[in-house]
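Working notes, structure below.
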Amino acid sequence: MEKEMWFGIPREEIDWFPIIDYKKCVQCGSCIRKCKRGVYEENADGSPKVVKPKNCVVGCTGCQAVCPAGAISHPPGKYLEELAKKKDSKAGCDCRGKCSK
């Protein structure tokens with residue numbers, strides 16, 4: 001299986017995944033239904049649990065957008081900008097790390 005990359009950076013090196021504020025969560029399941037990547041599972045009480053954080057698409061905030069309680073957050077976008085600069089990534093290139101750009 002090919003290693004997943006984000007602009008030349010291995011996915012496993014990127015800390016991008018949803019963070020749940022259980023004090024705000026209303027256990028509606030919107031985040032679980034929105035995410036098609038298997039990031040979440042449902043706890044016995046109906047609340048979401050992040051079980052596969054590295055399955056989250058880097059930069060995606062779809063689950064955050066559908067949460068009616070504002071209980072989901074992600075790292076700030078600035079995190080990705082800084083990561084790209086630090087790693088001298090191939091930003092803008094869609095080669096998945098295979099070109100010499």
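Labels used: A, B, ... for chains in the order of the structure tokens, numbers from 1 for residues in each chain, and numbers from 1 for ligands as shown.
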Task: Which of chain A fall in alpha helix (DSSP H), as JSON, numbers by chain - done: {"A": [30, 31, 32, 33, 34, 62, 63, 64, 65, 66, 77, 78, 79, 80, 81, 82, 83, 84, 85, 86]}
With C-alpha atoms retained, write the just-selected residues as an mmCIF file, in the first residue's frame.
data_model
loop_
_atom_site.group_PDB
_atom_site.id
_atom_site.type_symbol
_atom_site.label_atom_id
_atom_site.label_comp_id
_atom_site.auth_asym_id
_atom_site.auth_seq_id
_atom_site.Cartn_x
_atom_site.Cartn_y
_atom_site.Cartn_z
ATOM 1 C CA SER A 30 -23.829 14.776 12.520
ATOM 2 C CA CYS A 31 -20.039 14.473 12.534
ATOM 3 C CA ILE A 32 -20.150 10.687 12.324
ATOM 4 C CA ARG A 33 -22.542 10.801 9.359
ATOM 5 C CA LYS A 34 -20.544 13.540 7.594
ATOM 6 C CA GLY A 62 -16.471 19.235 7.120
ATOM 7 C CA CYS A 63 -17.496 17.667 10.428
ATOM 8 C CA GLN A 64 -16.775 20.937 12.208
ATOM 9 C CA ALA A 65 -19.017 22.785 9.754
ATOM 10 C CA VAL A 66 -22.007 20.485 10.345
ATOM 11 C CA GLY A 77 -5.097 26.737 9.213
ATOM 12 C CA LYS A 78 -1.862 28.507 10.104
ATOM 13 C CA TYR A 79 -0.570 25.131 11.341
ATOM 14 C CA LEU A 80 -0.693 23.745 7.808
ATOM 15 C CA GLU A 81 0.883 26.870 6.338
ATOM 16 C CA GLU A 82 3.793 26.654 8.766
ATOM 17 C CA LEU A 83 4.174 22.921 8.213
ATOM 18 C CA ALA A 84 4.377 23.416 4.461
ATOM 19 C CA LYS A 85 7.039 26.097 4.845
ATOM 20 C CA LYS A 86 9.031 24.098 7.389
#
Task: Secondary structure check, strand (DSSP E or B) residues of segment 5-64 of chain A, as a list in words - done: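 Selection result, strand (DSSP E or B) within segment 5-64 of chain A: Met5, Trp6, Ile9, Pro10, Ile19, Ile20, Tyr40, Glu41, Glu42, Pro48, Lys49 and Val50 of chain A.
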Would you mind exporting the chosen residues as a PDB file, in the first residue's frame, restricted to N, CA and C atoms?
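File produced: again_0.pdb:
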ATOM      1  N   MET A   5       0.450  10.865   1.247  1.00  0.00           N
ATOM      2  CA  MET A   5       1.257  12.084   1.337  1.00  0.00           C
ATOM      3  C   MET A   5       0.354  13.308   1.217  1.00  0.00           C
ATOM      4  N   TRP A   6       0.808  14.400   1.780  1.00  0.00           N
ATOM      5  CA  TRP A   6       0.158  15.698   1.618  1.00  0.00           C
ATOM      6  C   TRP A   6       1.239  16.671   1.187  1.00  0.00           C
ATOM      7  N   ILE A   9       4.608  15.582   2.194  1.00  0.00           N
ATOM      8  CA  ILE A   9       4.789  15.297   3.621  1.00  0.00           C
ATOM      9  C   ILE A   9       3.997  14.034   3.961  1.00  0.00           C
ATOM     10  N   PRO A  10       4.627  13.034   4.571  1.00  0.00           N
ATOM     11  CA  PRO A  10       3.881  11.828   4.950  1.00  0.00           C
ATOM     12  C   PRO A  10       2.724  12.165   5.900  1.00  0.00           C
ATOM     13  N   ILE A  19     -11.020  17.583  17.077  1.00  0.00           N
ATOM     14  CA  ILE A  19     -10.948  17.560  18.536  1.00  0.00           C
ATOM     15  C   ILE A  19     -12.364  17.845  19.031  1.00  0.00           C
ATOM     16  N   ILE A  20     -12.865  16.993  19.897  1.00  0.00           N
ATOM     17  CA  ILE A  20     -14.248  17.116  20.370  1.00  0.00           C
ATOM     18  C   ILE A  20     -14.283  17.724  21.763  1.00  0.00           C
ATOM     19  N   TYR A  40     -14.443   8.585  12.957  1.00  0.00           N
ATOM     20  CA  TYR A  40     -15.244   8.483  14.176  1.00  0.00           C
ATOM     21  C   TYR A  40     -15.874   7.112  14.377  1.00  0.00           C
ATOM     22  N   GLU A  41     -16.165   6.827  15.627  1.00  0.00           N
ATOM     23  CA  GLU A  41     -17.079   5.752  16.027  1.00  0.00           C
ATOM     24  C   GLU A  41     -17.995   6.356  17.073  1.00  0.00           C
ATOM     25  N   GLU A  42     -19.127   5.725  17.280  1.00  0.00           N
ATOM     26  CA  GLU A  42     -20.088   6.218  18.264  1.00  0.00           C
ATOM     27  C   GLU A  42     -19.881   5.513  19.599  1.00  0.00           C
ATOM     28  N   PRO A  48     -19.631  11.078  19.753  1.00  0.00           N
ATOM     29  CA  PRO A  48     -18.606  10.615  18.824  1.00  0.00           C
ATOM     30  C   PRO A  48     -17.271  10.414  19.518  1.00  0.00           C
ATOM     31  N   LYS A  49     -16.472   9.532  18.955  1.00  0.00           N
ATOM     32  CA  LYS A  49     -15.122   9.289  19.469  1.00  0.00           C
ATOM     33  C   LYS A  49     -14.190   9.222  18.254  1.00  0.00           C
ATOM     34  N   VAL A  50     -13.098   9.948  18.296  1.00  0.00           N
ATOM     35  CA  VAL A  50     -12.115   9.900  17.213  1.00  0.00           C
ATOM     36  C   VAL A  50     -11.289   8.634  17.413  1.00  0.00           C
TER      37      VAL A  50
END
Task: Distance of atom CA of Pro18 of chain A from atom CA of Thr61 of chain A, expressed in Å to one decimal place - done: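 One can read the atom CA of Thr61 of chain A to atom CA of Pro18 of chain A distance as 7.9 Å.
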TODO: For Glu12 of chain A, please output as JSON, numbers by chain all residues within 10 Å (counting only C-alpha atoms; exclusion window: fewer than 5 positions along the same chain).
DONE: {"A": [3, 4, 5, 6, 53, 54, 55]}
Go ahead and dump the residues you just picked, C-alpha atoms, as a PDB file, in the first residue's frame.
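Printed below is result.pdb as written:
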ATOM      1  CA  LYS A   3       2.103   5.823   1.834  1.00  0.00           C
ATOM      2  CA  GLU A   4      -0.380   8.709   1.932  1.00  0.00           C
ATOM      3  CA  MET A   5       1.257  12.084   1.337  1.00  0.00           C
ATOM      4  CA  TRP A   6       0.158  15.698   1.618  1.00  0.00           C
ATOM      5  CA  PRO A  53      -7.338  10.425  13.519  1.00  0.00           C
ATOM      6  CA  LYS A  54      -4.885   9.915  10.646  1.00  0.00           C
ATOM      7  CA  ASN A  55      -7.801   9.002   8.346  1.00  0.00           C
TER       8      ASN A  55
END
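Our summary of the geometry notes that atom CA of Lys23 of chain A is positioned 13.4 Å from atom CA of Cys67 of chain A.
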Open item on the list: What's the separation between atom CA of Ala69 of chain A and atom CA of Cys28 of chain A, in Å to one decimal place?
Closed with: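 Atom-to-atom, atom CA of Ala69 of chain A and atom CA of Cys28 of chain A are spaced 9.3 Å apart.
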Task: Shell of 9 Å around Ser47 of chain A, only C-alpha atoms, local chain residues under 6 positions omitted, as a PyMOL selection string - done: chain A and resi 22+25-29+41
